[in-house]
file entry-v5.txt (compact mmCIF, C-alpha atoms)
# COMPACT_ATOMS: atom_id res chain seq x y z
CA MET A 1 -12.13 12.43 -19.69
CA GLU A 2 -13.95 11.85 -16.41
CA LEU A 3 -11.79 12.68 -13.39
CA SER A 4 -13.74 10.46 -11.01
CA THR A 5 -13.05 7.52 -13.36
CA THR A 6 -9.42 8.47 -13.85
CA ILE A 7 -8.73 8.60 -10.13
CA ALA A 8 -9.75 4.94 -9.88
CA SER A 9 -6.40 4.02 -11.46
CA PHE A 10 -4.60 5.98 -8.73
CA VAL A 11 -6.68 4.30 -6.02
CA ARG A 12 -5.91 0.84 -7.44
CA ALA A 13 -2.20 1.65 -7.65
CA SER A 14 -2.21 2.97 -4.08
CA ASN A 15 -3.97 -0.15 -2.81
CA ASN A 16 -1.38 -2.39 -4.44
CA ILE A 17 1.61 -0.33 -3.31
CA PHE A 18 0.44 0.06 0.27
CA ARG A 19 -0.15 -3.69 0.44
CA ASP A 20 2.98 -4.90 -1.40
CA MET A 21 5.51 -2.29 -0.34
CA LEU A 22 4.33 -1.17 3.08
CA ASP A 23 2.29 -4.18 4.21
CA LEU A 24 -0.66 -1.90 4.93
CA ASN A 25 -4.34 -2.34 4.21
CA ILE A 26 -6.22 0.77 3.26
CA HIS A 27 -9.87 1.67 3.22
CA LYS A 28 -10.90 4.11 0.57
CA GLY A 29 -13.55 6.75 0.72
CA GLN A 30 -15.62 8.11 -2.12
CA ALA A 31 -14.11 10.09 -4.97
CA GLU A 32 -15.23 13.68 -4.63
CA ALA A 33 -14.78 16.91 -6.54
CA GLU A 34 -12.39 19.18 -4.69
CA GLY A 35 -12.57 22.46 -6.55
CA ASP A 36 -9.40 24.34 -7.27
CA SER A 37 -7.61 24.06 -3.90
CA PHE A 38 -7.13 21.99 -0.79
CA ILE A 39 -5.41 22.44 2.57
CA SER A 40 -2.39 20.20 3.03
CA GLN A 41 -2.28 17.92 6.06
CA GLY A 42 1.40 18.91 6.42
CA PHE A 43 3.29 16.85 3.83
CA THR A 44 2.45 16.95 0.13
CA VAL A 45 4.24 15.44 -2.86
CA MET A 46 3.40 16.76 -6.33
CA VAL A 47 4.10 14.84 -9.55
CA GLY A 48 3.51 16.59 -12.86
CA LEU A 49 1.75 14.86 -15.76
CA THR A 50 2.58 15.75 -19.35
CA GLY A 51 1.68 14.40 -22.78
CA GLY A 52 -1.85 13.71 -23.99
CA TRP A 53 -3.27 14.80 -20.65
CA GLU A 54 -1.69 17.49 -18.51
CA GLY A 55 -1.98 18.12 -14.81
CA TRP A 56 -0.75 17.03 -11.41
CA PHE A 57 -1.04 14.24 -8.93
CA PHE A 58 -0.80 15.18 -5.26
CA LEU A 59 -0.13 12.71 -2.46
CA ASP A 60 -1.00 14.39 0.82
CA MET A 61 -0.66 13.24 4.42
CA SER A 62 0.36 14.43 7.89
CA GLN A 63 4.03 14.70 8.73
CA GLU A 64 3.62 11.90 11.29
CA THR A 65 2.20 9.64 8.59
CA ALA A 66 5.06 10.53 6.24
CA ILE A 67 7.60 9.55 8.90
CA LYS A 68 5.85 6.22 9.55
CA MET A 69 5.54 5.56 5.82
CA ALA A 70 9.27 6.14 5.27
CA SER A 71 10.12 3.78 8.14
CA LEU A 72 7.95 1.04 6.64
CA MET A 73 9.39 1.56 3.16
CA VAL A 74 13.07 1.63 4.04
CA GLY A 75 13.02 -0.54 7.15
CA GLU A 76 14.77 2.05 9.29
CA ASP A 77 13.58 4.27 12.15
CA TYR A 78 12.96 7.94 11.42
CA HIS A 79 11.84 10.55 13.92
CA SER A 80 11.64 13.87 12.09
CA ILE A 81 10.30 15.26 8.85
CA GLU A 82 13.64 17.03 8.52
CA GLU A 83 15.43 13.74 7.89
CA GLU A 84 16.21 13.70 4.18
CA GLU A 85 15.23 10.07 3.70
CA VAL A 86 11.69 10.80 4.96
CA LEU A 87 11.29 13.36 2.18
CA LEU A 88 12.88 11.07 -0.41
CA ALA A 89 10.72 8.11 0.59
CA GLY A 90 7.52 10.15 0.30
CA ALA A 91 8.61 11.39 -3.10
CA GLU A 92 9.37 7.89 -4.34
CA ILE A 93 6.05 6.47 -3.11
CA ALA A 94 4.20 9.25 -4.97
CA ASN A 95 6.33 8.53 -8.04
CA ILE A 96 5.53 4.82 -7.91
CA ILE A 97 1.79 5.36 -7.35
CA SER A 98 1.57 7.82 -10.24
CA GLY A 99 3.78 5.65 -12.46
CA ASN A 100 1.63 2.57 -11.91
CA ALA A 101 -1.59 4.56 -12.39
CA ILE A 102 -0.40 6.27 -15.56
CA THR A 103 0.81 2.95 -16.97
CA ASP A 104 -2.75 1.71 -16.49
CA ILE A 105 -4.27 4.82 -18.08
CA ASN A 106 -1.85 4.83 -21.04
CA ASN A 107 -2.61 1.19 -21.77
CA ILE A 108 -6.38 1.82 -21.66
CA HIS A 109 -6.17 4.97 -23.79
CA SER A 110 -3.66 4.04 -26.49
CA GLY A 111 -1.76 7.01 -27.88
CA LEU A 112 -2.14 9.26 -24.82
CA ASN A 113 1.52 8.80 -23.93
CA ILE A 114 1.29 10.60 -20.57
CA ARG A 115 4.67 11.04 -18.91
CA LEU A 116 5.67 12.07 -15.38
CA THR A 117 7.90 14.82 -14.09
CA PRO A 118 10.18 14.20 -11.10
CA PRO A 119 8.33 14.78 -7.80
CA SER A 120 8.39 17.98 -5.75
CA ILE A 121 7.90 17.90 -1.98
CA PHE A 122 6.18 20.47 0.23
CA ALA A 123 6.20 20.28 4.03
CA GLY A 124 4.73 22.81 6.43
CA ASP A 125 1.67 23.88 8.37
CA ASN A 126 -1.55 25.22 6.83
CA MET A 127 -0.35 25.12 3.24
CA SER A 128 -3.02 25.78 0.61
CA MET A 129 -2.44 23.89 -2.63
CA PHE A 130 -4.02 25.78 -5.54
CA ASN A 131 -4.75 24.56 -9.05
CA VAL A 132 -5.68 27.76 -10.79
CA LYS A 133 -8.52 27.33 -13.29
CA LEU A 134 -8.48 23.53 -12.91
CA ASN A 135 -10.79 21.33 -10.91
CA ALA A 136 -9.56 18.35 -8.95
CA CYS A 137 -10.87 15.04 -7.75
CA SER A 138 -9.85 13.55 -4.40
CA VAL A 139 -10.05 10.28 -2.54
CA LEU A 140 -9.18 9.99 1.13
CA LEU A 141 -7.58 6.66 2.01
CA GLN A 142 -7.57 5.46 5.61
CA SER A 143 -4.70 3.33 6.85
CA ASP A 144 -3.21 2.21 10.15
CA ILE A 145 -0.58 4.95 9.89
CA GLY A 146 -3.05 7.75 9.15
CA ASN A 147 -5.11 9.24 6.36
CA VAL A 148 -3.63 9.73 2.91
CA LYS A 149 -5.30 11.92 0.33
CA LEU A 150 -4.98 11.32 -3.41
CA ASN A 151 -5.71 14.43 -5.45
CA VAL A 152 -5.69 14.36 -9.24
CA VAL A 153 -5.94 17.36 -11.53
CA MET A 154 -5.95 16.72 -15.26
CA LYS A 155 -7.10 18.21 -18.52
CA GLU A 156 -6.66 17.21 -22.14
CA ALA A 157 -3.60 18.82 -23.68
CA LYS A 158 -4.25 21.20 -26.57
CA MET B 1 25.04 -16.13 -2.73
CA LYS B 2 23.24 -15.71 -6.05
CA GLY B 3 25.33 -12.70 -7.01
CA LEU B 4 28.56 -14.68 -7.26
CA ARG B 5 29.74 -16.42 -10.40
CA THR B 6 31.11 -19.96 -10.29
CA ASP B 7 34.64 -18.53 -10.09
CA GLY B 8 33.67 -16.57 -6.96
CA THR B 9 33.69 -13.13 -8.56
CA ALA B 10 30.74 -10.83 -7.99
CA ILE B 11 28.28 -9.79 -10.69
CA ARG B 12 28.89 -6.05 -11.04
CA VAL B 13 25.78 -3.86 -11.12
CA MET B 14 25.35 -0.16 -11.90
CA ALA B 15 22.19 1.29 -10.32
CA VAL B 16 20.60 4.24 -12.12
CA ASP B 17 17.66 5.95 -10.43
CA ASP B 18 16.94 9.54 -9.50
CA SER B 19 15.71 8.39 -6.10
CA PRO B 20 18.53 7.82 -3.60
CA ILE B 21 16.04 5.80 -1.55
CA THR B 22 15.46 3.39 -4.43
CA ARG B 23 19.21 3.09 -5.03
CA LYS B 24 19.55 2.26 -1.34
CA MET B 25 16.83 -0.39 -1.64
CA ILE B 26 18.55 -1.87 -4.70
CA LYS B 27 21.76 -2.15 -2.69
CA LYS B 28 19.90 -3.70 0.23
CA ALA B 29 18.42 -6.29 -2.13
CA LEU B 30 21.60 -7.15 -4.03
CA GLU B 31 24.59 -6.83 -1.73
CA PRO B 32 23.53 -9.55 0.75
CA GLU B 33 23.39 -11.91 -2.25
CA GLY B 34 26.99 -11.09 -3.20
CA PHE B 35 26.33 -8.66 -6.06
CA GLU B 36 28.69 -5.69 -6.21
CA ILE B 37 27.18 -2.24 -6.76
CA ILE B 38 29.98 -0.88 -8.92
CA GLY B 39 28.43 2.56 -9.39
CA GLU B 40 25.34 4.70 -8.98
CA ALA B 41 23.87 7.51 -11.05
CA GLY B 42 20.89 9.79 -10.50
CA ASN B 43 20.11 10.71 -14.10
CA GLY B 44 20.67 9.39 -17.60
CA ARG B 45 23.53 11.73 -18.51
CA ASP B 46 25.53 10.77 -15.43
CA ALA B 47 24.73 7.13 -16.15
CA VAL B 48 26.25 7.33 -19.63
CA GLU B 49 29.39 8.99 -18.24
CA LEU B 50 29.72 6.49 -15.41
CA TYR B 51 29.07 3.56 -17.73
CA ASN B 52 32.23 4.24 -19.69
CA LYS B 53 34.27 4.27 -16.48
CA VAL B 54 32.92 1.20 -14.71
CA LYS B 55 31.66 -1.08 -17.52
CA PRO B 56 29.20 -3.03 -15.34
CA ASP B 57 27.88 -6.50 -16.08
CA VAL B 58 24.30 -5.28 -15.62
CA ILE B 59 22.59 -1.90 -15.39
CA THR B 60 19.33 -1.33 -13.51
CA MET B 61 17.79 1.70 -15.24
CA ASP B 62 14.89 3.86 -14.07
CA VAL B 63 12.77 5.50 -16.80
CA THR B 64 11.62 8.85 -15.39
CA MET B 65 14.67 10.91 -14.45
CA PRO B 66 15.72 14.54 -14.84
CA ILE B 67 18.23 15.80 -17.44
CA MET B 68 18.16 12.59 -19.50
CA ASP B 69 15.58 9.85 -18.99
CA GLY B 70 16.36 6.16 -18.76
CA LEU B 71 15.17 5.24 -22.24
CA GLN B 72 17.46 7.85 -23.78
CA ALA B 73 20.39 6.73 -21.64
CA ALA B 74 19.78 3.08 -22.48
CA GLN B 75 19.69 3.99 -26.15
CA VAL B 76 23.09 5.74 -25.95
CA ILE B 77 24.64 2.84 -24.04
CA LYS B 78 23.19 0.23 -26.40
CA LYS B 79 24.63 2.15 -29.36
CA GLN B 80 28.05 1.97 -27.72
CA ASN B 81 27.68 -1.66 -26.70
CA PRO B 82 24.71 -3.61 -28.10
CA ALA B 83 25.56 -6.54 -25.81
CA GLN B 84 25.22 -4.52 -22.61
CA LYS B 85 22.74 -6.11 -20.20
CA ILE B 86 20.09 -3.68 -18.97
CA VAL B 87 17.08 -4.21 -16.72
CA MET B 88 14.57 -1.36 -16.82
CA LEU B 89 13.42 -0.80 -13.24
CA SER B 90 10.52 1.58 -13.25
CA ALA B 91 7.07 2.46 -12.00
CA MET B 92 6.23 3.29 -15.64
CA SER B 93 5.99 0.34 -18.00
CA ASP B 94 3.19 1.06 -20.45
CA ASN B 95 3.03 -0.50 -23.89
CA ASP B 96 4.78 2.44 -25.59
CA ILE B 97 7.70 2.38 -23.15
CA VAL B 98 8.07 -1.39 -23.42
CA ALA B 99 7.98 -1.16 -27.23
CA GLU B 100 10.60 1.60 -27.29
CA ALA B 101 12.88 -0.37 -24.99
CA ARG B 102 12.43 -3.50 -27.11
CA GLY B 103 13.51 -1.48 -30.12
CA TRP B 104 16.87 -1.07 -28.41
CA GLY B 105 17.09 -4.73 -27.50
CA ILE B 106 15.96 -4.30 -23.89
CA VAL B 107 13.38 -6.89 -22.97
CA HIS B 108 13.73 -7.09 -19.21
CA PHE B 109 11.49 -4.94 -17.04
CA CYS B 110 11.18 -5.00 -13.26
CA ALA B 111 8.18 -3.03 -12.08
CA LYS B 112 8.27 -0.81 -9.00
CA PRO B 113 7.45 -1.56 -6.29
CA PHE B 114 9.82 -4.52 -6.41
CA LYS B 115 10.55 -7.20 -3.85
CA PRO B 116 14.25 -7.98 -3.24
CA GLU B 117 13.92 -11.46 -4.73
CA GLU B 118 12.33 -10.06 -7.89
CA ILE B 119 15.25 -7.82 -8.77
CA VAL B 120 17.71 -10.62 -7.98
CA GLU B 121 15.87 -12.99 -10.31
CA LYS B 122 15.62 -10.40 -13.10
CA ILE B 123 19.36 -9.74 -12.99
CA LEU B 124 20.21 -13.44 -12.97
CA ARG B 125 17.90 -13.98 -15.93
CA VAL B 126 19.43 -11.19 -18.01
CA ILE B 127 22.95 -12.40 -17.14
CA SER B 128 22.10 -15.93 -18.21
CA GLU B 129 21.00 -14.89 -21.70
call {"tool": "encode", "arguments": {"input": "entry-v5.txt", "output": "structure tokens"}}
result
Amino acid sequence: MELSTTIASFVRASNNIFRDMLDLNIHKGQAEAEGDSFISQGFTVMVGLTGGWEGWFFLDMSQETAIKMASLMVGEDYHSIEEEEVLLAGAEIANIISGNAITDINNIHSGLNIRLTPPSIFAGDNMSMFNVKLNACSVLLQSDIGNVKLNVVMKEAK
Amino acid sequence: MKGLRTDGTAIRVMAVDDSPITRKMIKKALEPEGFEIIGEAGNGRDAVELYNKVKPDVITMDVTMPIMDGLQAAQVIKKQNPAQKIVMLSAMSDNDIVAEARGWGIVHFCAKPFKPEEIVEKILRVISE
């Protein structure tokens, strides 16, 4: 399993979802190894991956970007990260991106049968996200509503 | 008003998804077309319980949910009523999931993200069969 190849499915899914769901074009950067931690921009959604491969997918952005993303998704105005629907919208976008990406990966690698766990949401300043003993791969996507980081951590299940 | 039958009654839909936002978007897509959202559930276990109370015409069923997932819930409901119309509405639709759903007689999938017209058309198609 090559993480930099695997993350391509997440980038493709993000491209499609930003375009179809949010009417946003994104410009992607290079996939890069991230080590075992990264500093959150302020709003991070984590989706667990289980099955043939285990790990996590993180969708990370600023709180301002999360608010704008929720407004585009739901078609309503939001003004604070403390509004529940902002949190729920971010969680669902991460769920859809990871679901589309894992569908792609499962169909390429028959028998892997990776499944997702319901998303968890973290919001706050200067949060460090650690993946103990696991290395991650990241891609920073640039959009009109701000930068969005995709971070994928995976290993083959024993 | 695509959600109304020829006799003027609404097609009754039960929306099952652990995301309240997605349930809201389902309502926004269906209610303007005359569909009636007869009930909502946030996991498979609640969906099975609610199903027996509301007996909807169609169920939109997410796959990944806590407590009981959508495939398990669909299986329980199909055992109770093999004729129940179900549209799987999920971000996950790999070959294994599609095959498992087909095994329970569920052939209609609507992939997330969905456009309002897509979910309307899927429900009308499953109703017409």
call {"tool": "atom_distance", "arguments": {"input": "entry-v5.txt", "atom1": "atom CA of B:Pro56", "atom2": "atom CA of B:Phe35"}}
result
11.2 Å
call {"tool": "residues_near_point", "arguments": {"input": "entry-v5.txt", "point": "(0.5, 15.4, -0.9)", "cutoff": "7 Å", "atoms": "only C-alpha atoms", "output": "ChimeraX atom specification"}}
result
/A:40,43-46,58-61,149
call {"tool": "closest_residue", "arguments": {"input": "entry-v5.txt", "among": "B:Ile127, B:Gly42, B:Gly3, B:Gln80", "to": "B:Val58", "atoms": "all atoms listed in the file"}}
result
B:Ile127
call {"tool": "closest_residue", "arguments": {"input": "entry-v5.txt", "among": "B:Met25, B:Leu30, B:Met1, B:Val76", "to": "B:Val13", "atoms": "all atoms listed in the file"}}
result
B:Leu30
call {"tool": "interface_residues", "arguments": {"input": "entry-v5.txt", "of": "chain B", "to": "chain A", "cutoff": "10 Å", "atoms": "all atoms listed in the file", "output": "MDAnalysis selection string"}}
result
chainID B and resid 18:22 24:25 28 63:66 90:97 111:115
call {"tool": "write_last_selection", "arguments": {"input": "entry-v5.txt", "atoms": "C-alpha atoms", "output": "CSV table (one decimal), keeping the file's coordinate frame"}}
result
chain,number,residue,atom,x,y,z
B,18,ASP,CA,16.9,9.5,-9.5
B,19,SER,CA,15.7,8.4,-6.1
B,20,PRO,CA,18.5,7.8,-3.6
B,21,ILE,CA,16.0,5.8,-1.6
B,22,THR,CA,15.5,3.4,-4.4
B,24,LYS,CA,19.6,2.3,-1.3
B,25,MET,CA,16.8,-0.4,-1.6
B,28,LYS,CA,19.9,-3.7,0.2
B,63,VAL,CA,12.8,5.5,-16.8
B,64,THR,CA,11.6,8.8,-15.4
B,65,MET,CA,14.7,10.9,-14.4
B,66,PRO,CA,15.7,14.5,-14.8
B,90,SER,CA,10.5,1.6,-13.2
B,91,ALA,CA,7.1,2.5,-12.0
B,92,MET,CA,6.2,3.3,-15.6
B,93,SER,CA,6.0,0.3,-18.0
B,94,ASP,CA,3.2,1.1,-20.4
B,95,ASN,CA,3.0,-0.5,-23.9
B,96,ASP,CA,4.8,2.4,-25.6
B,97,ILE,CA,7.7,2.4,-23.2
B,111,ALA,CA,8.2,-3.0,-12.1
B,112,LYS,CA,8.3,-0.8,-9.0
B,113,PRO,CA,7.4,-1.6,-6.3
B,114,PHE,CA,9.8,-4.5,-6.4
B,115,LYS,CA,10.6,-7.2,-3.8
call {"tool": "axis_aligned_box", "arguments": {"input": "entry-v5.txt", "around": "stretch 48-62 of chain B", "padding_each_side": "4 Å", "output": "lines of an AutoDock Vina configuration file"}}
result
center_x = 24.6
center_y = 1.2
center_z = -16.6
size_x = 27.4
size_y = 23.5
size_z = 14.2
call {"tool": "build_atoms", "arguments": {"input": "entry-v5.txt", "residues": "stretch 95-120 of chain B", "atoms": "N, CA and C atoms", "output": "mmCIF file, in the frame of the given file"}}
result
data_model
loop_
_atom_site.group_PDB
_atom_site.id
_atom_site.type_symbol
_atom_site.label_atom_id
_atom_site.label_comp_id
_atom_site.auth_asym_id
_atom_site.auth_seq_id
_atom_site.Cartn_x
_atom_site.Cartn_y
_atom_site.Cartn_z
ATOM 1 N N ASN B 95 2.705 0.187 -22.642
ATOM 2 C CA ASN B 95 3.030 -0.500 -23.890
ATOM 3 C C ASN B 95 4.020 0.284 -24.747
ATOM 4 N N ASP B 96 3.882 1.615 -24.769
ATOM 5 C CA ASP B 96 4.780 2.440 -25.590
ATOM 6 C C ASP B 96 6.213 2.382 -25.062
ATOM 7 N N ILE B 97 6.362 2.434 -23.752
ATOM 8 C CA ILE B 97 7.700 2.380 -23.150
ATOM 9 C C ILE B 97 8.335 1.011 -23.397
ATOM 10 N N VAL B 98 7.552 -0.033 -23.198
ATOM 11 C CA VAL B 98 8.070 -1.390 -23.420
ATOM 12 C C VAL B 98 8.491 -1.555 -24.886
ATOM 13 N N ALA B 99 7.667 -1.038 -25.802
ATOM 14 C CA ALA B 99 7.980 -1.160 -27.230
ATOM 15 C C ALA B 99 9.256 -0.389 -27.575
ATOM 16 N N GLU B 100 9.395 0.807 -27.009
ATOM 17 C CA GLU B 100 10.600 1.600 -27.290
ATOM 18 C C GLU B 100 11.839 0.884 -26.764
ATOM 19 N N ALA B 101 11.736 0.355 -25.560
ATOM 20 C CA ALA B 101 12.880 -0.370 -24.990
ATOM 21 C C ALA B 101 13.220 -1.599 -25.832
ATOM 22 N N ARG B 102 12.200 -2.311 -26.272
ATOM 23 C CA ARG B 102 12.430 -3.500 -27.110
ATOM 24 C C ARG B 102 13.159 -3.131 -28.391
ATOM 25 N N GLY B 103 12.840 -1.952 -28.903
ATOM 26 C CA GLY B 103 13.510 -1.480 -30.120
ATOM 27 C C GLY B 103 15.005 -1.339 -29.943
ATOM 28 N N TRP B 104 15.430 -1.162 -28.715
ATOM 29 C CA TRP B 104 16.870 -1.070 -28.410
ATOM 30 C C TRP B 104 17.407 -2.368 -27.833
ATOM 31 N N GLY B 105 16.613 -3.417 -27.946
ATOM 32 C CA GLY B 105 17.090 -4.730 -27.500
ATOM 33 C C GLY B 105 16.961 -4.956 -26.012
ATOM 34 N N ILE B 106 16.147 -4.144 -25.339
ATOM 35 C CA ILE B 106 15.960 -4.300 -23.890
ATOM 36 C C ILE B 106 14.609 -4.957 -23.649
ATOM 37 N N VAL B 107 14.630 -6.157 -23.130
ATOM 38 C CA VAL B 107 13.380 -6.890 -22.970
ATOM 39 C C VAL B 107 13.055 -7.160 -21.488
ATOM 40 N N HIS B 108 13.949 -6.773 -20.615
ATOM 41 C CA HIS B 108 13.730 -7.090 -19.210
ATOM 42 C C HIS B 108 13.253 -5.864 -18.435
ATOM 43 N N PHE B 109 12.066 -5.989 -17.864
ATOM 44 C CA PHE B 109 11.490 -4.940 -17.040
ATOM 45 C C PHE B 109 11.249 -5.486 -15.636
ATOM 46 N N CYS B 110 11.540 -4.679 -14.647
ATOM 47 C CA CYS B 110 11.180 -5.000 -13.260
ATOM 48 C C CYS B 110 10.340 -3.831 -12.773
ATOM 49 N N ALA B 111 9.098 -4.114 -12.438
ATOM 50 C CA ALA B 111 8.180 -3.030 -12.080
ATOM 51 C C ALA B 111 8.381 -2.617 -10.624
ATOM 52 N N LYS B 112 8.342 -1.313 -10.376
ATOM 53 C CA LYS B 112 8.270 -0.810 -9.000
ATOM 54 C C LYS B 112 6.810 -0.813 -8.572
ATOM 55 N N PRO B 113 6.516 -1.166 -7.337
ATOM 56 C CA PRO B 113 7.450 -1.560 -6.290
ATOM 57 C C PRO B 113 7.966 -2.978 -6.521
ATOM 58 N N PHE B 114 9.236 -3.191 -6.204
ATOM 59 C CA PHE B 114 9.820 -4.520 -6.410
ATOM 60 C C PHE B 114 10.149 -5.150 -5.055
ATOM 61 N N LYS B 115 10.086 -6.458 -5.032
ATOM 62 C CA LYS B 115 10.550 -7.200 -3.850
ATOM 63 C C LYS B 115 12.010 -7.563 -4.101
ATOM 64 N N PRO B 116 12.824 -7.682 -3.051
ATOM 65 C CA PRO B 116 14.250 -7.980 -3.240
ATOM 66 C C PRO B 116 14.484 -9.190 -4.137
ATOM 67 N N GLU B 117 13.689 -10.244 -3.943
ATOM 68 C CA GLU B 117 13.920 -11.460 -4.730
ATOM 69 C C GLU B 117 13.589 -11.249 -6.213
ATOM 70 N N GLU B 118 12.688 -10.318 -6.490
ATOM 71 C CA GLU B 118 12.330 -10.060 -7.890
ATOM 72 C C GLU B 118 13.482 -9.438 -8.653
ATOM 73 N N ILE B 119 14.152 -8.476 -8.063
ATOM 74 C CA ILE B 119 15.250 -7.820 -8.770
ATOM 75 C C ILE B 119 16.437 -8.785 -8.902
ATOM 76 N N VAL B 120 16.642 -9.611 -7.892
ATOM 77 C CA VAL B 120 17.710 -10.620 -7.980
ATOM 78 C C VAL B 120 17.436 -11.558 -9.147
#
